[in-house]
Structure formats: C-alpha cells, structure tokens
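Chemist: Next up is a structure, given as structure tokens.
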Amino acid sequence: MAKKKTIRTIPQARTPMPEQAPEIRITNFKEVACGYREEDALLEAERCLDCPDQPCVRGCPVGIDIPGFIRKIAEKNFHGAYDVITDTNLLPSVCGRVCPQESQCEGVCTVGERLEPVAIGRLERFIGDRAIAEGWTNLPYIERNRHKVGIVGSGPAGMACAADMAKAGCEVTVFEAFQEPGGVLKYGIPDFRLPNSMVDVEIDKLRQLGIRFECNTLVGRLFTLEQMMGEMDFSAVFVGTGAGYPSFMGIPGESLGGVLSANEWLTRCNLMHGRDFPAYDTPLQPGKHVAVIGAGNTAMDAMRVALRVGAEKVTCVYRRSAAEAPARAEEIHHAQQEGIDFQWLTSPVELIGDEQHRVRAMRCERMELGEPDASGRRRPVPVVGSAFEIECDMVVFAIGTNANPILGQTSGLKLDKRGYIWTDDTLATSIAGVFAGGDIVTGAATVIQAMGAGRRAARAMKAYLGLRDTDAVYLAAPTDPAERLFGIPRRERGFARVHLPETAS
C-alpha cells in the first residue's frame, strides 16, 4: 500500500515552466510558456495530496475531477488522465493555457495553504497537448434524433453547448459572424499565449461529432432568432455571442487617428494575420510610442503584440495600483519582463492631436486610492495639480466590453438594464426554445466559466426537447408500479433513447 502523502513529504517547490527568454520572445509570436516535459509533469503530479474533500473540484466552474486526472498522470496513464478531463472539459489545451487557475482551482488548493499550489493548469495543458500530439479523441456512439439545434457564436460557450447537443443526437449547426470559428479564442488571444493551431484542432474534434460551422453569418442581420425557430425549423437555439462591443472613456480626442479599441487591434493581428503583413493584406500600422489604457489580460495582450510588431516603447496607463489590476499575475510579470512601462495610479483626461488630426500625446493626472466603490476596490481619486503628458502616436483602449446590441435590436429578446440577454435560472431566454449563456448573459468572464454556461444551457435544452440527459445524475427510480409504464418512469415519457458505447470493465 502506498504511503500517504503529507505536506512535508511532497516536493516543496512548484515545478517551473520552461519559457522563452524575454529578449528572444519579443521578436516572435511563438508561445512564451513552452509547456511541461514528461518529467516535469510527473514531478508536479507528486505534489497533489489527493485530498478527500477535493476543494479544487469545487473551485473549477465545470467540476473537473482534478485529483483523478493528476493521479493518472502520476501513474503515467496519460490517456487515462485525458479521459478524466474530457469527461467534463472539452478544451484541455485551451483552458490549461488561458484559464485563471490562481483564482479558481489553484486558488483553493490545500497545498497552497502552506506552499505554492499544485500547478493544475500546467498539468491540464500537458495532457491536452499530449492528446493533440498523439491524436487522441473520445467520440461516443451517437443515435440521431429528429431535432435541429442552432448555436449562435462559436466561442467557448457555443462550442461546449454544441458538443453536448451533438452527443445527445441532435443535428447541430454553429453560426459564426467571423470568417473562422473559434470566437474570442481566435480573435482575442495572441499566438504567444494560445496558438490558433490549438484552437483549430479542438474545432476539428467538434466536426467529428457531426457539427457544421456556417461562418460569415451574422445572426440578426441575415436572419433573426424568431426565423430560426420558425421557418428555419430549429427545435432549439443557444446564443453564445460573447460581449465584444468595445468600451471607451468619453474623453476628448477619442476620434483622432491612431486611437482604437483592443478588440480591433487584436482582431487585426490574430484573426486577420496583420502581424504577417505584407504576406497578408491587413496592415496594422503600429505606432512607435504606444499607450494602452487598462490593466486586464486584454490590455497585456495588446501591449505585448505592439512590442512584437515594432513599437519602440509601450506604456500601460491604469488608474489604480498594481494590486488592483485585473490581469493574471503571470501576464503582468511577463509584460514587465518584456520591458512594458507601467504607469500605475494614472488616468487619461484628454488625447491631444497634431495638425493631421492624429494622436500625439495623452494628458493624464495622477490618482490616489480612496474609499472602496461598488466593485469592492478602492476608488481612484485625482491628485490636484498632478497633470502631465505621455508622448504617444497610438492609443489602445482596453477597459472592458459590452454586449453587442444587434440581437437585442432585431428580436424580441428581453434584455437586462445593462443590455445583456436576460435568462432564468436554467438559462432560458424570453423566447421559447431560445437559451443563452456566457459573456452575453453575465458580462466578461473566463473561458472555463463560459464553457460551464454552455453545458448548463445544453442540459436545459435537452430537458426542453425531451431528451434524457446522460450527463446528469438521475432521480431515484420510482417504487410505485403505477409510476412506471413498460418499466420506464412515467416522468420520462417522450424522452429519446441515446445508446452509449460499451466500456471495458
């Protein structure tokens, strides 16, 4: 019998992640974090205590059996670890790279109470990458039914919902406004954090389930949700369009040339291959002195892209301190290593243009932190007489996003006061048969939270369509014979049968 591990007997130090050196990586778009080798993964797996109460599982928005897959890694059963992860998570390579584990599963890791927490995200990425390299996939036997399901948006929420509905036997079509599927994973995250090739592999797995992708299709302009549920004959529809409408501050000078949103900047670079100009006809026109407003992950991505496409100096302007910055600590650390100039406690008040109406400077004022605001963070207060200018020929706003208004303007969807889609607890909208989840309902969230919403909506959609949910825990079988008909509980009349493949015992 194996000796029980304790906090004193496990490896005390977290296994470091191999990385490109800062002076090299700012010249390319290759991944900064190179990924664990097998020996790294085995060493880090030894740090898991396999806690009986499993706080890490509760900290995961989709409830991955984290101790279970780490146990498989420690046993060198890497395919088994992949099976455990993909039971609940469709995108291990993606989530292992971009999910904020430090505020989710790793944030409640028992080891983290005394030492650095187990590197759960790095281990998940290791397994996801191993699966891609060796061609692993888990395709269930699917018995088709008569239902057509439409998915609006091919980001994390839409992909998760599409997969679950396809596995339930539905004919699934995903509608994507851009020219390639993937949503924010494709247009919003640079290759040095999440290579597009990884996203493409995961999308191919969805195609193997029979899911069709219709790109360059803007629902709300080409056709409405009501038309999908009517003349297009969809049985149910899921809306997972995200929240990609950029926010600005409303300060003077925002209409000057050289001022743009992080969404536009990153989309041009990532999805439209602007970084490869002139091989691709999408000029980025980077400035020499770039200022990015905001300190979230999107701001970090925008700044680090600017460095890689030729900016001489990149400045982060944020009105709070580093402690309040919403970006992952790892992303801030990488940006600092790469030479980003951080102007903390600094707020823009005006953008100043030249005679050609292009931005040439940003007028700012210093801030100090006062009492907490509604978000719980201390409110920044201007310091009297602290105005100064930052020279810049390009300004990128990365201060958050809002819901795109198109679907709300072209359908009968009920919206909340912020303009996001209203849903009930099951993620059903005000239109019968239409469900919604992810950022378009909650506002900006993480990839894994969006996937969790997609799977929650799929469960509700299956119930709406009368499909038995094989992913859910069944209710206790009725003991009264009158509650059964031909051996099947009466409450399940009309449910479709879905045959699962036999598994080795």
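FYI, nothing fancy with the structure tokens labels: chains A, B, ... in order, residues from 1 per chain, ligands from 1 as they appear.
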Please, which residues of range 292-407 of chain A, numbered as in this document, come out strand (DSSP E) from DSSP, as a PyMOL selection string?
Modeler: chain A and resi 292-293+313-317+341-343+346-353+359-372+378-382+388-391+394-397+401-402
Chemist: Mind checking which residues fall within 9 Å of range 178-183 of chain A, counting only C-alpha atoms, ignoring those fewer than 3 positions away in the same chain, and posting them as an MDAnalysis selection string?
Modeler: chainID A and resid 153:156 158:159 174:175 186:188 196 199:200 203 213:218 241:242 271
Chemist: Keeping only N, CA, C and O atoms, write the selected residues as a compact mmCIF listing (two decimals), in the first residue's frame.
Modeler:
```
# COMPACT_ATOMS: atom_id res chain seq x y z
N GLY A 153 -22.74 31.77 -32.37
CA GLY A 153 -21.45 32.09 -31.77
C GLY A 153 -20.64 30.83 -31.55
O GLY A 153 -21.14 29.83 -31.03
N SER A 154 -19.36 30.88 -31.96
CA SER A 154 -18.52 29.68 -31.87
C SER A 154 -17.40 29.83 -30.86
O SER A 154 -16.35 29.22 -30.98
N GLY A 155 -17.62 30.66 -29.84
CA GLY A 155 -16.65 30.79 -28.76
C GLY A 155 -16.78 29.64 -27.77
O GLY A 155 -17.44 28.63 -28.05
N PRO A 156 -16.18 29.76 -26.60
CA PRO A 156 -16.19 28.66 -25.62
C PRO A 156 -17.58 28.18 -25.23
O PRO A 156 -17.82 26.98 -25.13
N GLY A 158 -20.47 28.51 -26.92
CA GLY A 158 -21.12 27.87 -28.06
C GLY A 158 -20.53 26.51 -28.37
O GLY A 158 -21.26 25.56 -28.68
N MET A 159 -19.20 26.39 -28.28
CA MET A 159 -18.56 25.11 -28.56
C MET A 159 -18.98 24.05 -27.56
O MET A 159 -19.25 22.90 -27.93
N VAL A 174 -23.54 25.56 -36.13
CA VAL A 174 -23.00 26.71 -35.41
C VAL A 174 -22.83 27.86 -36.40
O VAL A 174 -22.19 27.71 -37.44
N PHE A 175 -23.39 29.03 -36.06
CA PHE A 175 -23.30 30.22 -36.90
C PHE A 175 -22.28 31.19 -36.30
O PHE A 175 -22.39 31.57 -35.13
N LYS A 186 -9.99 32.78 -31.02
CA LYS A 186 -9.28 33.04 -32.27
C LYS A 186 -8.92 34.52 -32.43
O LYS A 186 -7.80 34.85 -32.81
N TYR A 187 -9.88 35.41 -32.18
CA TYR A 187 -9.63 36.82 -32.49
C TYR A 187 -9.03 37.59 -31.32
O TYR A 187 -8.39 38.62 -31.52
N GLY A 188 -9.21 37.09 -30.10
CA GLY A 188 -8.86 37.91 -28.94
C GLY A 188 -7.59 37.54 -28.22
O GLY A 188 -7.11 38.32 -27.39
N ASN A 196 -3.34 29.62 -32.53
CA ASN A 196 -4.55 29.32 -33.28
C ASN A 196 -4.62 27.86 -33.71
O ASN A 196 -5.70 27.28 -33.85
N VAL A 199 -6.55 25.84 -31.25
CA VAL A 199 -8.00 26.04 -31.36
C VAL A 199 -8.54 25.26 -32.55
O VAL A 199 -9.61 24.64 -32.48
N ASP A 200 -7.80 25.26 -33.66
CA ASP A 200 -8.25 24.55 -34.86
C ASP A 200 -8.40 23.05 -34.60
O ASP A 200 -9.35 22.42 -35.09
N ILE A 203 -11.62 22.48 -32.74
CA ILE A 203 -12.77 22.66 -33.62
C ILE A 203 -12.94 21.44 -34.53
O ILE A 203 -14.07 21.01 -34.81
N PHE A 213 -20.27 24.14 -39.20
CA PHE A 213 -19.98 25.55 -38.92
C PHE A 213 -20.32 26.38 -40.14
O PHE A 213 -19.86 26.10 -41.25
N GLU A 214 -21.15 27.39 -39.95
CA GLU A 214 -21.50 28.35 -41.01
C GLU A 214 -20.88 29.68 -40.62
O GLU A 214 -21.38 30.40 -39.75
N CYS A 215 -19.74 30.03 -41.27
CA CYS A 215 -19.04 31.27 -40.95
C CYS A 215 -19.56 32.42 -41.82
O CYS A 215 -20.37 32.21 -42.72
N ASN A 216 -19.07 33.63 -41.51
CA ASN A 216 -19.52 34.84 -42.22
C ASN A 216 -21.05 34.96 -42.16
O ASN A 216 -21.69 35.39 -43.12
N THR A 217 -21.61 34.57 -41.03
CA THR A 217 -23.07 34.57 -40.87
C THR A 217 -23.42 35.36 -39.62
O THR A 217 -23.22 34.88 -38.50
N LEU A 218 -23.93 36.57 -39.82
CA LEU A 218 -24.26 37.45 -38.70
C LEU A 218 -25.75 37.32 -38.39
O LEU A 218 -26.59 37.90 -39.07
N THR A 241 -22.84 34.57 -28.01
CA THR A 241 -22.10 35.51 -28.85
C THR A 241 -21.02 36.29 -28.11
O THR A 241 -20.28 37.05 -28.73
N GLY A 242 -20.94 36.11 -26.80
CA GLY A 242 -19.94 36.87 -26.06
C GLY A 242 -20.31 38.33 -25.94
O GLY A 242 -21.39 38.77 -26.34
N LEU A 271 -6.74 37.24 -35.98
CA LEU A 271 -7.63 36.58 -36.94
C LEU A 271 -7.32 36.98 -38.37
O LEU A 271 -7.40 36.17 -39.29
```
Chemist: Sorted by chain and rising residue number, which residues of range 12-79 of chain A lie within 9 Å of range 303-317 of chain A, and what are their closest atom pairs and distances in Å to one decimal, counting only C-alpha atoms, as JSON lines?
Modeler:
```
{"residue": "A:Arg25", "atom": "CA", "partner": "A:Arg308", "partner_atom": "CA", "distance": 8.3}
{"residue": "A:Ile26", "atom": "CA", "partner": "A:Arg308", "partner_atom": "CA", "distance": 5.2}
{"residue": "A:Thr27", "atom": "CA", "partner": "A:Arg308", "partner_atom": "CA", "distance": 5.5}
{"residue": "A:Asn28", "atom": "CA", "partner": "A:Arg308", "partner_atom": "CA", "distance": 6.3}
{"residue": "A:Phe29", "atom": "CA", "partner": "A:Arg308", "partner_atom": "CA", "distance": 7.3}
```
Chemist: With only C-alpha atoms as the counted atoms, please give the residues lying no more than 8 Å from Arg358 in chain A, apart from itself and same-chain residues fewer than 4 positions off, as a PDB file with N, CA, C and O atoms, in the first residue's frame.
Modeler:
```
ATOM      1  N   LEU A 256      -9.515  60.848 -32.788  1.00  0.00           N
ATOM      2  CA  LEU A 256      -8.284  61.119 -33.521  1.00  0.00           C
ATOM      3  C   LEU A 256      -7.766  59.867 -34.217  1.00  0.00           C
ATOM      4  O   LEU A 256      -8.031  58.738 -33.782  1.00  0.00           O
ATOM      5  N   GLY A 257      -6.999  60.056 -35.288  1.00  0.00           N
ATOM      6  CA  GLY A 257      -6.335  58.943 -35.920  1.00  0.00           C
ATOM      7  C   GLY A 257      -5.324  58.311 -34.977  1.00  0.00           C
ATOM      8  O   GLY A 257      -4.678  59.006 -34.181  1.00  0.00           O
ATOM      9  N   GLY A 258      -5.194  56.987 -35.059  1.00  0.00           N
ATOM     10  CA  GLY A 258      -4.273  56.290 -34.171  1.00  0.00           C
ATOM     11  C   GLY A 258      -4.882  55.865 -32.858  1.00  0.00           C
ATOM     12  O   GLY A 258      -4.188  55.321 -31.994  1.00  0.00           O
ATOM     13  N   GLY A 353      -4.112  65.888 -30.366  1.00  0.00           N
ATOM     14  CA  GLY A 353      -3.788  65.586 -31.739  1.00  0.00           C
ATOM     15  C   GLY A 353      -2.819  66.575 -32.361  1.00  0.00           C
ATOM     16  O   GLY A 353      -2.576  67.662 -31.820  1.00  0.00           O
ATOM     17  N   ASP A 354      -2.267  66.189 -33.525  1.00  0.00           N
ATOM     18  CA  ASP A 354      -1.394  67.092 -34.272  1.00  0.00           C
ATOM     19  C   ASP A 354      -2.178  67.733 -35.402  1.00  0.00           C
ATOM     20  O   ASP A 354      -3.407  67.600 -35.485  1.00  0.00           O
ATOM     21  N   ASP A 393       1.940  58.022 -30.215  1.00  0.00           N
ATOM     22  CA  ASP A 393       1.357  58.182 -31.547  1.00  0.00           C
ATOM     23  C   ASP A 393       0.335  57.083 -31.839  1.00  0.00           C
ATOM     24  O   ASP A 393      -0.126  56.936 -32.973  1.00  0.00           O
TER      25      ASP A 393
END
```
Chemist: In Å, how far is it from CA of Gly240 in chain A to CA of Lys417 in chain A?
Modeler: 18.8 Å
Chemist: For CA of Gly35 in chain A and CA of Asp341 in chain A, quote the distance in Å rounded to one decimal.
Modeler: 27.4 Å
Chemist: Near Ile120 in chain A, counting only C-alpha atoms, which residues have an atom at most 8 Å away, once you skip same-chain residues fewer than 4 positions from it, shown as a ChimeraX atom specification?
Modeler: /A:66,96,101,105-106,124
Chemist: List as CSV every residue of range 56-127 of chain A that is in contact with range 425-446 of chain A, defined as an atom at most 10 Å from one of its atoms (using only C-alpha atoms), together with the nearest atom pair and the distance in Å rounded to one decimal, sorted by chain and then rising number.
Modeler:
```
residue,atom,partner,partner_atom,distance
A:Pro61,CA,A:Thr446,CA,9.5
A:Cys95,CA,A:Thr446,CA,9.3
A:Val98,CA,A:Thr446,CA,8.4
A:Cys99,CA,A:Thr446,CA,6.4
A:Pro100,CA,A:Thr446,CA,7.4
```
